[in-house]
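This is model22.cif (mmCIF, C-alpha atoms, pLDDT in the B column; chains and numbers go by the auth columns).
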data_work
loop_
_atom_site.group_PDB
_atom_site.id
_atom_site.type_symbol
_atom_site.label_atom_id
_atom_site.label_comp_id
_atom_site.label_asym_id
_atom_site.label_seq_id
_atom_site.Cartn_x
_atom_site.Cartn_y
_atom_site.Cartn_z
_atom_site.B_iso_or_equiv
_atom_site.auth_seq_id
_atom_site.auth_asym_id
ATOM 1 C CA MET A 1 -3.034 10.279 -53.084 49.00 1 A
ATOM 2 C CA ALA A 2 -0.890 9.166 -50.108 49.00 2 A
ATOM 3 C CA LEU A 3 -2.544 8.952 -46.705 50.00 3 A
ATOM 4 C CA GLY A 4 -0.075 11.358 -45.134 52.00 4 A
ATOM 5 C CA GLU A 5 -0.803 13.983 -47.814 56.00 5 A
ATOM 6 C CA LEU A 6 -4.545 13.596 -47.329 51.00 6 A
ATOM 7 C CA VAL A 7 -4.214 13.933 -43.589 48.00 7 A
ATOM 8 C CA THR A 8 -2.063 17.021 -44.031 52.00 8 A
ATOM 9 C CA ARG A 9 -4.717 18.586 -46.248 54.00 9 A
ATOM 10 C CA CYS A 10 -7.433 17.711 -43.758 51.00 10 A
ATOM 11 C CA ARG A 11 -5.654 19.092 -40.701 49.00 11 A
ATOM 12 C CA GLY A 12 -6.782 22.600 -41.405 50.00 12 A
ATOM 13 C CA THR A 13 -10.420 21.548 -41.388 50.00 13 A
ATOM 14 C CA GLY A 14 -10.299 20.238 -37.810 52.00 14 A
ATOM 15 C CA ARG A 15 -10.198 16.988 -35.877 54.00 15 A
ATOM 16 C CA ARG A 16 -13.751 15.892 -36.719 56.00 16 A
ATOM 17 C CA GLN A 17 -13.127 16.117 -40.462 60.00 17 A
ATOM 18 C CA VAL A 18 -9.905 14.086 -40.177 56.00 18 A
ATOM 19 C CA LYS A 19 -11.743 11.430 -38.167 56.00 19 A
ATOM 20 C CA ARG A 20 -14.611 11.216 -40.667 59.00 20 A
ATOM 21 C CA PHE A 21 -12.226 10.906 -43.609 57.00 21 A
ATOM 22 C CA LEU A 22 -10.029 8.209 -42.088 52.00 22 A
ATOM 23 C CA VAL A 23 -12.891 6.098 -40.764 53.00 23 A
ATOM 24 C CA ARG A 24 -14.867 6.421 -44.001 57.00 24 A
ATOM 25 C CA PHE A 25 -12.019 5.030 -46.093 54.00 25 A
ATOM 26 C CA GLY A 26 -11.142 2.245 -43.654 54.00 26 A
ATOM 27 C CA PHE A 27 -7.826 3.514 -42.373 55.00 27 A
ATOM 28 C CA VAL A 28 -8.556 2.404 -38.814 56.00 28 A
ATOM 29 C CA ALA A 29 -4.965 1.875 -37.633 60.00 29 A
ATOM 30 C CA GLU A 30 -3.856 5.109 -39.254 63.00 30 A
ATOM 31 C CA PHE A 31 -6.813 6.858 -37.673 58.00 31 A
ATOM 32 C CA MET A 32 -5.740 5.731 -34.190 64.00 32 A
ATOM 33 C CA VAL A 33 -2.194 6.993 -34.773 68.00 33 A
ATOM 34 C CA GLU A 34 -3.466 10.289 -36.093 63.00 34 A
ATOM 35 C CA LEU A 35 -5.971 10.644 -33.272 59.00 35 A
ATOM 36 C CA ASP A 36 -3.233 10.113 -30.698 65.00 36 A
ATOM 37 C CA SER A 37 -1.134 12.743 -32.453 67.00 37 A
ATOM 38 C CA LEU A 38 -3.977 15.221 -32.528 58.00 38 A
ATOM 39 C CA ARG A 39 -4.771 14.675 -28.865 57.00 39 A
ATOM 40 C CA ARG A 40 -1.148 15.200 -27.915 61.00 40 A
ATOM 41 C CA ASP A 41 -1.112 18.350 -30.000 57.00 41 A
ATOM 42 C CA VAL A 42 -4.000 19.849 -28.037 50.00 42 A
ATOM 43 C CA GLY A 43 -2.863 18.461 -24.677 50.00 43 A
ATOM 44 C CA VAL A 44 -5.798 16.097 -24.131 48.00 44 A
ATOM 45 C CA LEU A 45 -5.027 13.207 -21.739 49.00 45 A
ATOM 46 C CA GLN A 46 -5.390 9.875 -23.498 48.00 46 A
ATOM 47 C CA LEU A 47 -6.697 7.024 -21.328 48.00 47 A
ATOM 48 C CA GLU A 48 -7.066 4.140 -23.753 53.00 48 A
ATOM 49 C CA LYS A 49 -8.250 0.754 -22.503 48.00 49 A
ATOM 50 C CA GLY A 50 -5.290 -1.195 -21.154 51.00 50 A
ATOM 51 C CA ASN A 51 -3.285 1.932 -20.333 60.00 51 A
ATOM 52 C CA LEU A 52 -5.604 3.228 -17.638 58.00 52 A
ATOM 53 C CA GLU A 53 -3.738 1.764 -14.677 60.00 53 A
ATOM 54 C CA ALA A 54 -0.371 2.939 -15.956 63.00 54 A
ATOM 55 C CA GLU A 55 -1.719 6.436 -16.520 58.00 55 A
ATOM 56 C CA ILE A 56 -3.235 6.529 -13.032 55.00 56 A
ATOM 57 C CA ARG A 57 0.039 5.355 -11.494 57.00 57 A
ATOM 58 C CA THR A 58 1.883 8.113 -13.324 59.00 58 A
ATOM 59 C CA LEU A 59 -0.598 10.709 -12.125 53.00 59 A
ATOM 60 C CA GLN A 60 -0.438 9.328 -8.599 51.00 60 A
ATOM 61 C CA HIS A 61 3.339 9.421 -8.549 52.00 61 A
ATOM 62 C CA ASN A 62 3.600 12.922 -9.983 50.00 62 A
ATOM 63 C CA CYS A 63 0.575 14.623 -8.432 47.00 63 A
ATOM 64 C CA ILE A 64 -0.752 12.793 -5.374 47.00 64 A
ATOM 65 C CA ASN A 65 2.350 12.038 -3.340 50.00 65 A
ATOM 66 C CA PRO A 66 3.090 14.739 -0.801 49.00 66 A
ATOM 67 C CA PRO A 67 6.305 16.733 -1.154 46.00 67 A
ATOM 68 C CA GLU A 68 9.596 15.410 0.190 49.00 68 A
ATOM 69 C CA PRO A 69 11.110 14.722 2.632 45.00 69 A
ATOM 70 C CA TYR A 70 9.667 11.282 3.232 50.00 70 A
ATOM 71 C CA PRO A 71 8.533 10.469 5.844 48.00 71 A
ATOM 72 C CA PRO A 72 7.590 13.531 7.960 45.00 72 A
ATOM 73 C CA SER A 73 9.344 12.147 11.060 51.00 73 A
ATOM 74 C CA ASN A 74 12.733 10.488 10.795 50.00 74 A
ATOM 75 C CA PRO A 75 14.294 9.714 14.188 50.00 75 A
ATOM 76 C CA VAL A 76 18.065 9.777 13.767 46.00 76 A
ATOM 77 C CA GLY A 77 18.528 6.333 15.286 49.00 77 A
ATOM 78 C CA TYR A 78 16.259 4.766 12.672 52.00 78 A
ATOM 79 C CA VAL A 79 17.577 6.330 9.493 52.00 79 A
ATOM 80 C CA PRO A 80 21.048 5.098 8.491 54.00 80 A
ATOM 81 C CA ALA A 81 23.060 7.432 6.311 52.00 81 A
ATOM 82 C CA GLU A 82 23.084 5.036 3.354 56.00 82 A
ATOM 83 C CA ILE A 83 19.275 5.001 3.032 53.00 83 A
ATOM 84 C CA PRO A 84 18.119 7.461 0.325 54.00 84 A
ATOM 85 C CA VAL A 85 15.718 10.183 1.350 58.00 85 A
ATOM 86 C CA SER A 86 12.578 8.617 -0.074 68.00 86 A
ATOM 87 C CA GLY A 87 9.505 7.110 1.489 73.00 87 A
ATOM 88 C CA GLN A 88 9.887 3.802 -0.324 76.00 88 A
ATOM 89 C CA ALA A 89 13.515 3.354 0.709 75.00 89 A
ATOM 90 C CA TYR A 90 12.744 4.212 4.309 78.00 90 A
ATOM 91 C CA ARG A 91 9.743 1.880 4.400 81.00 91 A
ATOM 92 C CA ASP A 92 11.850 -0.918 2.900 79.00 92 A
ATOM 93 C CA PHE A 93 14.506 -0.312 5.530 78.00 93 A
ATOM 94 C CA LEU A 94 11.944 -0.594 8.326 81.00 94 A
ATOM 95 C CA ALA A 95 10.437 -3.722 6.765 80.00 95 A
ATOM 96 C CA ASP A 96 13.834 -5.397 6.484 82.00 96 A
ATOM 97 C CA GLN A 97 14.666 -4.572 10.081 83.00 97 A
ATOM 98 C CA LEU A 98 11.291 -5.670 11.435 85.00 98 A
ATOM 99 C CA TYR A 99 10.301 -8.685 9.368 81.00 99 A
ATOM 100 C CA GLY A 100 12.967 -9.250 6.773 74.00 100 A
ATOM 101 C CA THR A 101 14.561 -11.745 9.137 72.00 101 A
ATOM 102 C CA THR A 102 13.100 -14.292 11.529 78.00 102 A
ATOM 103 C CA THR A 103 14.036 -12.110 14.510 83.00 103 A
ATOM 104 C CA PRO A 104 13.544 -8.322 14.416 87.00 104 A
ATOM 105 C CA THR A 105 16.840 -6.427 14.487 83.00 105 A
ATOM 106 C CA ILE A 106 15.722 -2.821 14.879 81.00 106 A
ATOM 107 C CA THR A 107 17.118 -1.136 17.974 79.00 107 A
ATOM 108 C CA GLY A 108 14.944 -1.540 21.049 85.00 108 A
ATOM 109 C CA VAL A 109 12.775 -4.496 20.003 87.00 109 A
ATOM 110 C CA ALA A 110 12.942 -7.222 22.643 85.00 110 A
ATOM 111 C CA THR A 111 14.020 -10.309 20.738 82.00 111 A
ATOM 112 C CA ASP A 112 13.360 -12.741 23.584 85.00 112 A
ATOM 113 C CA GLY A 113 9.566 -12.329 23.472 87.00 113 A
ATOM 114 C CA GLU A 114 6.718 -13.221 21.138 94.00 114 A
ATOM 115 C CA PHE A 115 5.684 -11.229 18.091 95.00 115 A
ATOM 116 C CA LEU A 116 2.186 -10.886 16.644 96.00 116 A
ATOM 117 C CA GLN A 117 1.709 -11.045 12.877 94.00 117 A
ATOM 118 C CA VAL A 118 -1.738 -9.802 11.842 94.00 118 A
ATOM 119 C CA GLY A 119 -2.269 -11.443 8.453 86.00 119 A
ATOM 120 C CA LEU A 120 0.440 -13.129 6.406 79.00 120 A
ATOM 121 C CA GLY A 121 1.532 -9.859 4.866 59.00 121 A
ATOM 122 C CA ARG A 122 3.657 -9.567 1.747 51.00 122 A
ATOM 123 C CA TYR A 123 5.136 -13.044 2.132 46.00 123 A
ATOM 124 C CA GLY A 124 1.708 -14.672 1.884 51.00 124 A
ATOM 125 C CA ASP A 125 2.951 -18.229 2.452 60.00 125 A
ATOM 126 C CA GLY A 126 4.031 -18.434 6.069 74.00 126 A
ATOM 127 C CA LYS A 127 5.024 -16.727 9.258 82.00 127 A
ATOM 128 C CA PHE A 128 8.046 -14.479 9.509 83.00 128 A
ATOM 129 C CA GLY A 129 9.737 -16.786 12.001 83.00 129 A
ATOM 130 C CA PRO A 130 9.297 -19.243 14.884 84.00 130 A
ATOM 131 C CA ARG A 131 8.553 -16.574 17.491 88.00 131 A
ATOM 132 C CA TRP A 132 5.761 -15.073 15.434 92.00 132 A
ATOM 133 C CA ILE A 133 2.095 -15.779 16.174 94.00 133 A
ATOM 134 C CA ALA A 134 -0.021 -15.330 13.034 93.00 134 A
ATOM 135 C CA VAL A 135 -3.680 -14.345 13.360 94.00 135 A
ATOM 136 C CA ASP A 136 -6.219 -13.854 10.567 90.00 136 A
ATOM 137 C CA LEU A 137 -9.980 -14.216 10.650 87.00 137 A
ATOM 138 C CA TYR A 138 -10.470 -15.443 7.059 82.00 138 A
ATOM 139 C CA ASP A 139 -7.223 -16.868 5.689 82.00 139 A
ATOM 140 C CA PRO A 140 -7.375 -20.708 5.599 82.00 140 A
ATOM 141 C CA SER A 141 -3.597 -21.076 5.249 82.00 141 A
ATOM 142 C CA PRO A 142 -2.043 -23.540 7.732 86.00 142 A
ATOM 143 C CA ALA A 143 0.480 -20.812 8.542 87.00 143 A
ATOM 144 C CA VAL A 144 -2.240 -18.963 10.485 91.00 144 A
ATOM 145 C CA ASP A 145 -2.135 -19.956 14.155 94.00 145 A
ATOM 146 C CA TYR A 146 -5.437 -18.418 15.234 95.00 146 A
ATOM 147 C CA HIS A 147 -8.573 -17.358 13.380 93.00 147 A
ATOM 148 C CA HIS A 148 -9.412 -14.452 15.675 94.00 148 A
ATOM 149 C CA ASP A 149 -11.122 -11.198 14.855 93.00 149 A
ATOM 150 C CA VAL A 150 -8.600 -8.393 15.302 95.00 150 A
ATOM 151 C CA HIS A 151 -11.434 -6.294 16.762 95.00 151 A
ATOM 152 C CA ASP A 152 -11.713 -8.762 19.651 96.00 152 A
ATOM 153 C CA LEU A 153 -8.496 -10.576 20.534 97.00 153 A
ATOM 154 C CA PRO A 154 -8.327 -12.979 23.509 97.00 154 A
ATOM 155 C CA LEU A 155 -8.359 -11.337 26.921 97.00 155 A
ATOM 156 C CA ASP A 156 -5.389 -13.359 28.102 97.00 156 A
ATOM 157 C CA TRP A 157 -3.231 -11.850 25.339 97.00 157 A
ATOM 158 C CA SER A 158 -3.033 -8.526 27.183 98.00 158 A
ATOM 159 C CA GLY A 159 0.576 -7.345 27.339 97.00 159 A
ATOM 160 C CA ARG A 160 1.841 -10.510 25.628 97.00 160 A
ATOM 161 C CA PHE A 161 3.754 -9.292 22.571 97.00 161 A
ATOM 162 C CA ALA A 162 6.981 -7.348 22.142 95.00 162 A
ATOM 163 C CA LEU A 163 6.123 -6.389 18.549 95.00 163 A
ATOM 164 C CA VAL A 164 2.945 -6.260 16.466 96.00 164 A
ATOM 165 C CA MET A 165 2.969 -6.114 12.665 93.00 165 A
ATOM 166 C CA CYS A 166 -0.248 -5.128 10.897 94.00 166 A
ATOM 167 C CA CYS A 167 0.342 -4.670 7.163 90.00 167 A
ATOM 168 C CA ALA A 168 -2.347 -4.378 4.473 88.00 168 A
ATOM 169 C CA ILE A 169 -5.048 -5.339 6.983 91.00 169 A
ATOM 170 C CA LEU A 170 -6.626 -2.133 8.285 94.00 170 A
ATOM 171 C CA GLU A 171 -8.257 -1.356 4.938 92.00 171 A
ATOM 172 C CA HIS A 172 -10.108 -4.684 5.078 90.00 172 A
ATOM 173 C CA ILE A 173 -11.708 -4.403 8.524 90.00 173 A
ATOM 174 C CA HIS A 174 -14.789 -2.542 9.635 92.00 174 A
ATOM 175 C CA TYR A 175 -13.384 -0.502 12.519 94.00 175 A
ATOM 176 C CA PRO A 176 -9.663 0.322 12.267 96.00 176 A
ATOM 177 C CA GLN A 177 -9.634 2.371 15.467 97.00 177 A
ATOM 178 C CA LYS A 178 -11.071 -0.506 17.480 97.00 178 A
ATOM 179 C CA ALA A 179 -8.539 -2.904 15.971 97.00 179 A
ATOM 180 C CA ILE A 180 -5.610 -0.624 16.775 98.00 180 A
ATOM 181 C CA ASP A 181 -6.902 -0.255 20.334 98.00 181 A
ATOM 182 C CA GLU A 182 -6.835 -4.062 20.612 98.00 182 A
ATOM 183 C CA LEU A 183 -3.292 -4.183 19.270 98.00 183 A
ATOM 184 C CA TYR A 184 -2.322 -1.592 21.872 98.00 184 A
ATOM 185 C CA ARG A 185 -3.784 -3.821 24.585 98.00 185 A
ATOM 186 C CA VAL A 186 -1.914 -6.963 23.565 98.00 186 A
ATOM 187 C CA LEU A 187 1.427 -5.151 23.318 98.00 187 A
ATOM 188 C CA ALA A 188 3.735 -5.291 26.309 97.00 188 A
ATOM 189 C CA PRO A 189 4.812 -1.953 27.832 96.00 189 A
ATOM 190 C CA SER A 190 7.515 -0.453 25.582 94.00 190 A
ATOM 191 C CA GLY A 191 6.425 -2.851 22.814 95.00 191 A
ATOM 192 C CA PHE A 192 6.553 -1.778 19.174 94.00 192 A
ATOM 193 C CA ILE A 193 3.839 -1.581 16.539 95.00 193 A
ATOM 194 C CA TYR A 194 4.361 -1.291 12.794 94.00 194 A
ATOM 195 C CA ALA A 195 1.274 -0.719 10.646 94.00 195 A
ATOM 196 C CA GLU A 196 0.719 0.206 7.037 92.00 196 A
ATOM 197 C CA LEU A 197 -2.193 0.551 4.651 92.00 197 A
ATOM 198 C CA PRO A 198 -2.884 2.228 1.321 90.00 198 A
ATOM 199 C CA PHE A 199 -3.441 5.898 0.701 86.00 199 A
ATOM 200 C CA TRP A 200 -3.903 5.239 -3.028 78.00 200 A
ATOM 201 C CA GLN A 201 -4.646 1.734 -4.276 78.00 201 A
ATOM 202 C CA PRO A 202 -7.350 0.193 -6.469 79.00 202 A
ATOM 203 C CA TYR A 203 -10.231 -1.631 -4.824 80.00 203 A
ATOM 204 C CA HIS A 204 -9.180 -5.145 -3.870 78.00 204 A
ATOM 205 C CA SER A 205 -11.157 -7.847 -2.112 72.00 205 A
ATOM 206 C CA GLY A 206 -12.372 -11.389 -2.528 61.00 206 A
ATOM 207 C CA GLY A 207 -9.332 -13.611 -2.556 52.00 207 A
ATOM 208 C CA ASP A 208 -5.609 -14.168 -2.585 48.00 208 A
ATOM 209 C CA SER A 209 -3.956 -16.682 -4.882 43.00 209 A
ATOM 210 C CA THR A 210 -0.871 -16.857 -2.658 46.00 210 A
ATOM 211 C CA VAL A 211 -2.690 -19.160 -0.219 43.00 211 A
ATOM 212 C CA GLY A 212 -3.719 -21.556 -2.965 42.00 212 A
ATOM 213 C CA GLU A 213 -7.448 -20.947 -2.867 43.00 213 A
ATOM 214 C CA LYS A 214 -10.023 -18.200 -2.939 46.00 214 A
ATOM 215 C CA TYR A 215 -11.158 -16.773 0.351 50.00 215 A
ATOM 216 C CA GLU A 216 -13.043 -13.671 1.391 55.00 216 A
ATOM 217 C CA PHE A 217 -11.158 -10.769 2.938 61.00 217 A
ATOM 218 C CA GLY A 218 -14.384 -9.353 4.300 67.00 218 A
ATOM 219 C CA GLY A 219 -14.330 -6.278 2.069 82.00 219 A
ATOM 220 C CA ASP A 220 -12.202 -3.276 1.187 88.00 220 A
ATOM 221 C CA PHE A 221 -13.336 -0.335 3.291 90.00 221 A
ATOM 222 C CA TRP A 222 -10.651 2.253 4.005 92.00 222 A
ATOM 223 C CA ARG A 223 -7.759 4.355 2.784 92.00 223 A
ATOM 224 C CA ALA A 224 -5.710 6.662 5.017 93.00 224 A
ATOM 225 C CA THR A 225 -3.456 9.678 4.921 87.00 225 A
ATOM 226 C CA VAL A 226 -0.529 10.156 7.275 87.00 226 A
ATOM 227 C CA GLU A 227 -2.708 12.482 9.317 88.00 227 A
ATOM 228 C CA GLY A 228 -5.484 9.899 9.508 93.00 228 A
ATOM 229 C CA LEU A 229 -3.123 7.104 10.550 94.00 229 A
ATOM 230 C CA ARG A 230 -1.803 9.353 13.299 93.00 230 A
ATOM 231 C CA VAL A 231 -5.342 9.803 14.615 95.00 231 A
ATOM 232 C CA TRP A 232 -5.820 6.036 14.865 97.00 232 A
ATOM 233 C CA THR A 233 -2.423 5.511 16.541 97.00 233 A
ATOM 234 C CA ALA A 234 -2.474 8.512 18.871 96.00 234 A
ATOM 235 C CA ALA A 235 -2.141 6.335 22.009 97.00 235 A
ATOM 236 C CA PHE A 236 1.352 5.245 20.931 96.00 236 A
ATOM 237 C CA ASP A 237 4.574 7.194 21.161 92.00 237 A
ATOM 238 C CA GLU A 238 5.313 7.899 17.516 89.00 238 A
ATOM 239 C CA MET A 239 8.737 6.943 16.259 85.00 239 A
ATOM 240 C CA SER A 240 8.069 7.447 12.573 83.00 240 A
ATOM 241 C CA CYS A 241 5.041 7.977 10.369 83.00 241 A
ATOM 242 C CA GLY A 242 5.151 8.712 6.687 82.00 242 A
ATOM 243 C CA TRP A 243 4.434 8.035 3.033 81.00 243 A
ATOM 244 C CA ALA A 244 5.937 5.512 0.675 79.00 244 A
ATOM 245 C CA ASN A 245 6.289 6.551 -2.951 66.00 245 A
ATOM 246 C CA GLU A 246 3.553 4.288 -4.299 65.00 246 A
ATOM 247 C CA GLY A 247 0.895 5.703 -1.988 77.00 247 A
ATOM 248 C CA VAL A 248 1.224 3.592 1.174 86.00 248 A
ATOM 249 C CA VAL A 249 1.227 5.180 4.623 88.00 249 A
ATOM 250 C CA PHE A 250 3.120 3.549 7.474 89.00 250 A
ATOM 251 C CA PHE A 251 3.546 4.020 11.213 91.00 251 A
ATOM 252 C CA LEU A 252 6.212 2.852 13.654 90.00 252 A
ATOM 253 C CA GLY A 253 5.349 3.481 17.287 92.00 253 A
ATOM 254 C CA ARG A 254 5.887 2.281 20.807 93.00 254 A
ATOM 255 C CA LYS A 255 3.518 1.628 23.651 96.00 255 A
ATOM 256 C CA PRO A 256 4.424 3.820 26.646 95.00 256 A
ATOM 257 C CA ALA A 257 6.257 1.986 29.409 92.00 257 A
#
Just dump the structure as structure tokens.
Amino acid sequence: MALGELVTRCRGTGRRQVKRFLVRFGFVAEFMVELDSLRRDVGVLQLEKGNLEAEIRTLQHNCINPPEPYPPSNPVGYVPAEIPVSGQAYRDFLADQLYGTTTPTITGVATDGEFLQVGLGRYGDGKFGPRWIAVDLYDPSPAVDYHHDVHDLPLDWSGRFALVMCCAILEHIHYPQKAIDELYRVLAPSGFIYAELPFWQPYHSGGDSTVGEKYEFGGDFWRATVEGLRVWTAAFDEMSCGWANEGVVFFLGRKPA
């Protein structure tokens, strides 16, 4: 008797009977196909090993992201007409304007000053440009200028920088509010800050292959919502704060003059 005919006969007796029959007679591959079919038939979510991350990403994209528009605040001067109305596109636009080139090009950033890069960010192999000062407590890369704790930056840095970038760092430090207060201090009046960290992202700590060797981040402690990021950055004048599609929150603000 053909396997398909046997399975058809067994369907009426329930899922357990089909499973017992297929496993008993060694049809393991066929059993997995049939089991998937049965689970789809009854609407049971299948999270097989190896597909877990993809399933979570799908759920995150469809269920966790807040409703459009992205982001909640879009100052007209910072959203060109050709940028699609999506958090990811807007975040990419800001990133390109702020650190996609060696000198920031977004309107209002003083390009004749110094810029502070907290961590090596998405590039991972160097500073954004010659005017950037890179600081990281743990990263041994020669691109890091200073191994300072962002909770306690040098006193003589007060008011030094025209722009501070802090990307994918706040989740790895013990006290994000204290760190942001320090970044506020080292910004010049009317200076800009751009910060981002995950809302949804798997636990990550312990090393980064982009610097060529393993080093400790110090841990993975925090996630934030837009509302939470706004609490931490309340001392700044908000220019934009929102969500990117993959579950990152970002903030663009300015220190009052």
Coordinates-based distance that separates atom CA of Asp181 of chain A from atom CA of Arg254 of chain A (Å, one decimal):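 Separating atom CA of Arg254 of chain A from atom CA of Asp181 of chain A is a distance of 13.0 Å.
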Contact residues around Gly129 of chain A with only C-alpha atoms at 9 Å, ignoring same-chain residues under 6 positions, as a list in words: Tyr99, Thr101, Thr102 and Thr103 of chain A
Top pick for closest residue to Ile173 of chain A, considering A:Phe250, A:Tyr138, A:Tyr146, A:Phe161 and counting all atoms listed in the file: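 Ranking A:Phe250, A:Tyr138, A:Tyr146, A:Phe161 by distance to Ile173 of chain A, first place goes to A:Tyr138.
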Closest of A:Glu196, A:Gly228, A:Gly159, A:Asp136 to Pro256 of chain A - atom-to-atom distances counting all atoms listed in the file: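 The answer is A:Gly159, which sits nearest to Pro256 of chain A.
Across the model, the gap from atom CA of Pro142 of chain A to atom CA of Phe221 of chain A is 26.2 Å.
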Need to verify the contact set: Glu182 of chain A, 8 Å, only C-alpha atoms, exclusion of same-chain residues closer than 4 positions in sequence. Can you return it as an mmCIF file with C-alpha atoms, in the frame of the given file?
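Final output, saved to around16.cif:
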data_model
loop_
_atom_site.group_PDB
_atom_site.id
_atom_site.type_symbol
_atom_site.label_atom_id
_atom_site.label_comp_id
_atom_site.auth_asym_id
_atom_site.auth_seq_id
_atom_site.Cartn_x
_atom_site.Cartn_y
_atom_site.Cartn_z
ATOM 1 C CA VAL A 150 -8.600 -8.393 15.302
ATOM 2 C CA HIS A 151 -11.434 -6.294 16.762
ATOM 3 C CA ASP A 152 -11.713 -8.762 19.651
ATOM 4 C CA LEU A 153 -8.496 -10.576 20.534
ATOM 5 C CA LYS A 178 -11.071 -0.506 17.480
ATOM 6 C CA VAL A 186 -1.914 -6.963 23.565
#
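Proximity to His204 of chain A was assessed for A:Leu229, A:Val118, A:Ile169, A:Ile180 counting all atoms listed in the file; the smallest distance is recorded for A:Ile169.
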Residues near His172 of chain A, cut-off 10 Å, all atoms listed in the file, skip fewer than 5 positions along chain, as a list of chain:residue names: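 Returned residues: A:Leu197, A:His204, A:Ser205, A:Phe217, A:Gly218, A:Gly219, A:Asp220, A:Phe221, A:Trp222, A:Arg223.
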All residues 10 Å or closer to Pro104 of chain A, only C-alpha atoms, same chain fewer than 6 positions away omitted, as number ranges by chain: A: 94-98, 110-111, 115, 128-129, 163
Target residues per the PyMOL selection byres ((chain A and resi 168) around 10), formatted as a PyMOL selection string: chain A and resi 118-122+165-167+169-172+195-198+248
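Atom CA of Phe192 of chain A is found 6.8 Å from atom CA of Val109 of chain A.
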Selection dump of the PyMOL selection byres ((chain A and resi 237) around 7), as a PyMOL selection string: chain A and resi 235-236+238-239+253-256
Next, write the just-selected residues to a file, as a short mmCIF file (atom, residue, chain, number, x, y, z; two decimals), keeping the file's coordinate frame, keeping C-alpha atoms as the atom set.
data_model
loop_
_atom_site.label_atom_id
_atom_site.label_comp_id
_atom_site.auth_asym_id
_atom_site.auth_seq_id
_atom_site.Cartn_x
_atom_site.Cartn_y
_atom_site.Cartn_z
CA ALA A 235 -2.14 6.34 22.01
CA PHE A 236 1.35 5.24 20.93
CA GLU A 238 5.31 7.90 17.52
CA MET A 239 8.74 6.94 16.26
CA GLY A 253 5.35 3.48 17.29
CA ARG A 254 5.89 2.28 20.81
CA LYS A 255 3.52 1.63 23.65
CA PRO A 256 4.42 3.82 26.65
#
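Nearest-residue note for Val164 of chain A: choosing from A:Pro176, A:Gly113, A:Gly191, A:Gly126, the minimum distance belongs to A:Gly191, counting all atoms listed in the file.
Distances to His148 of chain A were evaluated for A:Gln117, A:Thr105, A:Ser240, A:Thr233 using only C-alpha atoms, and the minimum falls at A:Gln117.
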How big is the axis-aligned box around all listed atoms of segment 162-179 of chain A once 5 Å goes on each side, and where's its centre, in Å to one decimal, as AutoDock Vina command-line options?
--center_x -3.9 --center_y -2.5 --center_z 13.3 --size_x 31.8 --size_y 19.7 --size_z 27.7
